[in-house]
Structure formats: C-alpha cells, structure tokens
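Notes follow once the structure below has been shown.
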Amino acid sequence: MPSYSEIMKLLGFKSKNSVFKLVKKLEKDGFISKDKKGRLIPKNMSGQFKVLGSVEAGFPSAAEEELSDTITLDEYLIGNKEATFILKVSGDSMKDAGIVQGDMVIVERNNTPKNGDIVIAEVDGEWTIKYFRKIGGKIFLEAANEKYKPIYPKEELKITAVVKAVVRKY
C-alpha cells in the first residue's frame, strides 16, 4: 500500500491532512486497516465465493454441481497479510514455471527461502524473480527458461520475498 505522501501525490491532494481524512474514511468503511507499525493494509473486498466441487483436467468425467464450501480469495492466496504484496512480472525468464509477462505474483516477505522456492531477489544491485538454488554451500538463482544462464552473485544476494501465487487475467 502507498504511504500518505504517495497517496497525496497520486490523488493530487495539497496536504497530508486530506490523506489522513481519506484514510480514516476508508478504515471506517472497512476497506483498509493498519498494522502494528501504522502501515496501511487492504482488507478483503471480494467477499466469499462458492466452491462448487472440482473439474477434471485429464479426461472428461461426469460432474455434478454441489456446494462444498465458501472461501475468500484472501483466505486462499494470502498467508501473512502484513508481509504480503503484489508485483507485476515483466520478461520471460520464468515462462517454464508458468509465470509470464503481465502476470501478477503474490509474494510474502521472507529472508529464509527453501531450495527450489521462486523468490524475489536483489542480486548485485539488480532485482529479479528466479528459483532459489542451494547446492552444497553454493547459492545461485536459476531461470525457468533455458535461454537464461544461472545467476551467481558476485558481491551480494538479498532474498526479499517468496512467491506464493500467480494471478493471470484472461
């Protein structure tokens, strides 16, 4: 979520007091809340969706519509709301992992990825999305596209977040 200064700039407000009043209204109406540090957090605005069973991805099979549950997208996609944010993907280095240009990735801040996690990393001052690999004592980043070589940090590697979900709109 943007800061008060960023909201002021985005909306063309002349003062932070105007932003403060807007934020209070959005909080009162249930659209946002604040975390322990006072940062803005979006609240669930999508409501619940019906889960009507499953669909076969192999050979077709008979199906009956049966309400099995309800779920919100927040429940399904977001584990830790305070540590979660969304990034828009550019480039094709992760296409074989099913992540393509224009997709949105839902990521969770985490500095201790597991081997094989898809991560958001700053490597030698540049940002990327890649597989996190640790073989022996060597750590590197690997693309999901054979035309890209593995990235071995020359100076510094910071893992900022782990990808939890991919959202694609058709």
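If you're wondering about the labels, chains in the structure tokens are A, B, ... by order shown, residues count from 1 in each chain, ligands from 1 in order shown.
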
Legend entry - Nearby residues (only C-alpha atoms) at most 6 Å from range 95-107 of chain A, same-chain spacing under 5 positions excluded, as an MDAnalysis selection string: chainID A and resid 84:90 144:145 161:168

Could you write those residues out with N, CA and C atoms, as a short mmCIF file (atom, residue, chain, number, x, y, z; two decimals), in the first residue's frame?
```cif
data_model
loop_
_atom_site.label_atom_id
_atom_site.label_comp_id
_atom_site.auth_asym_id
_atom_site.auth_seq_id
_atom_site.Cartn_x
_atom_site.Cartn_y
_atom_site.Cartn_z
N THR A 84 2.64 -9.52 2.93
CA THR A 84 2.30 -9.88 1.55
C THR A 84 2.15 -8.64 0.68
N PHE A 85 2.67 -8.74 -0.55
CA PHE A 85 2.45 -7.68 -1.53
C PHE A 85 2.42 -8.30 -2.92
N ILE A 86 2.07 -7.50 -3.92
CA ILE A 86 1.90 -7.97 -5.29
C ILE A 86 2.88 -7.24 -6.19
N LEU A 87 3.47 -7.98 -7.14
CA LEU A 87 4.36 -7.39 -8.14
C LEU A 87 3.89 -7.81 -9.52
N LYS A 88 4.07 -6.92 -10.49
CA LYS A 88 3.76 -7.25 -11.88
C LYS A 88 5.02 -7.77 -12.55
N VAL A 89 4.88 -8.87 -13.27
CA VAL A 89 6.02 -9.54 -13.89
C VAL A 89 6.30 -8.95 -15.27
N SER A 90 7.58 -8.74 -15.56
CA SER A 90 8.00 -8.40 -16.92
C SER A 90 9.11 -9.36 -17.31
N ALA A 144 13.61 -20.17 -15.27
CA ALA A 144 12.78 -21.26 -15.78
C ALA A 144 12.62 -21.07 -17.28
N ASN A 145 13.74 -20.84 -17.94
CA ASN A 145 13.80 -20.66 -19.38
C ASN A 145 15.24 -20.96 -19.77
N ALA A 161 11.55 -11.77 -0.89
CA ALA A 161 10.24 -12.40 -0.75
C ALA A 161 10.21 -13.74 -1.48
N VAL A 162 9.24 -14.55 -1.10
CA VAL A 162 8.99 -15.83 -1.75
C VAL A 162 7.64 -15.74 -2.45
N VAL A 163 7.58 -16.21 -3.70
CA VAL A 163 6.33 -16.18 -4.46
C VAL A 163 5.38 -17.22 -3.89
N LYS A 164 4.15 -16.80 -3.62
CA LYS A 164 3.12 -17.68 -3.05
C LYS A 164 2.04 -18.02 -4.06
N ALA A 165 1.82 -17.14 -5.04
CA ALA A 165 0.76 -17.38 -6.03
C ALA A 165 0.99 -16.52 -7.26
N VAL A 166 0.41 -16.95 -8.36
CA VAL A 166 0.46 -16.20 -9.61
C VAL A 166 -0.98 -15.91 -10.02
N VAL A 167 -1.24 -14.68 -10.41
CA VAL A 167 -2.58 -14.28 -10.86
C VAL A 167 -2.47 -13.84 -12.29
N ARG A 168 -3.32 -14.42 -13.13
CA ARG A 168 -3.34 -14.07 -14.55
C ARG A 168 -4.78 -13.78 -14.94
#
```

Inset, instruction - Name the residues of range 8-139 of chain A that come out as strand (DSSP E) in a backbone DSSP run; write them as number ranges by chain. - result: A: 32-34, 40-42, 48-51, 69-72, 84-88, 104-109, 118-123, 126-135, 138-139

Legend entry - Shell around Glu126 in chain A at 12 Å using only C-alpha atoms, local window under 5 positions removed, as a PyMOL selection string: chain A and resi 120-121+151+153-159

Inset, instruction - Skip Phe20 in chain A itself and residues of its chain fewer than 2 positions away, then list as a PyMOL selection string all residues within 12 Å of it, counting only C-alpha atoms. - result: chain A and resi 3-5+7-8+13-18+22-27+40

Legend entry - Every residue of chain A that DSSP places in alpha helix (DSSP H), as a list in words: Tyr4, Ser5, Glu6, Ile7, Met8, Lys9, Leu10, Leu11, Lys16, Asn17, Ser18, Val19, Phe20, Lys21, Leu22, Val23, Lys24, Lys25, Leu26, Glu27, Lys28, Leu73, Asp74, Glu75, Tyr76 and Leu77 of chain A

Inset, instruction - Go through A:Pro42, A:Pro113, A:Gly58, A:Pro150 one by one, measure the shortest atom-to-atom distance of each to Glu82 in chain A using only C-alpha atoms, and give the residue with the smallest value. - result: A:Pro42

Which residues come within 10 Å of Asn80 in chain A, counting only C-alpha atoms, excluding same-chain residues fewer than 6 positions away, as a PDB file with C-alpha atoms, in the first residue's frame?
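Output (around.pdb):
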```
ATOM      1  CA  ASP A  74      -7.658 -13.616   0.735  1.00  0.00           C
ATOM      2  CA  VAL A 107       4.741 -12.617  -2.641  1.00  0.00           C
ATOM      3  CA  GLU A 108       5.458 -12.838   1.053  1.00  0.00           C
ATOM      4  CA  ARG A 109       8.466 -11.193   2.675  1.00  0.00           C
TER       5      ARG A 109
END
```

Inset, instruction - Could you check how far CA of Thr160 in chain A sits from CA of Trp127 in chain A, in Å to one decimal? - result: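 Those two atoms sit 9.6 Å apart.
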
Inset, instruction - Enter the distance from CA of Val119 in chain A to CA of Tyr170 in chain A, in Å, rounded to one decimal. - result: 24.4 Å
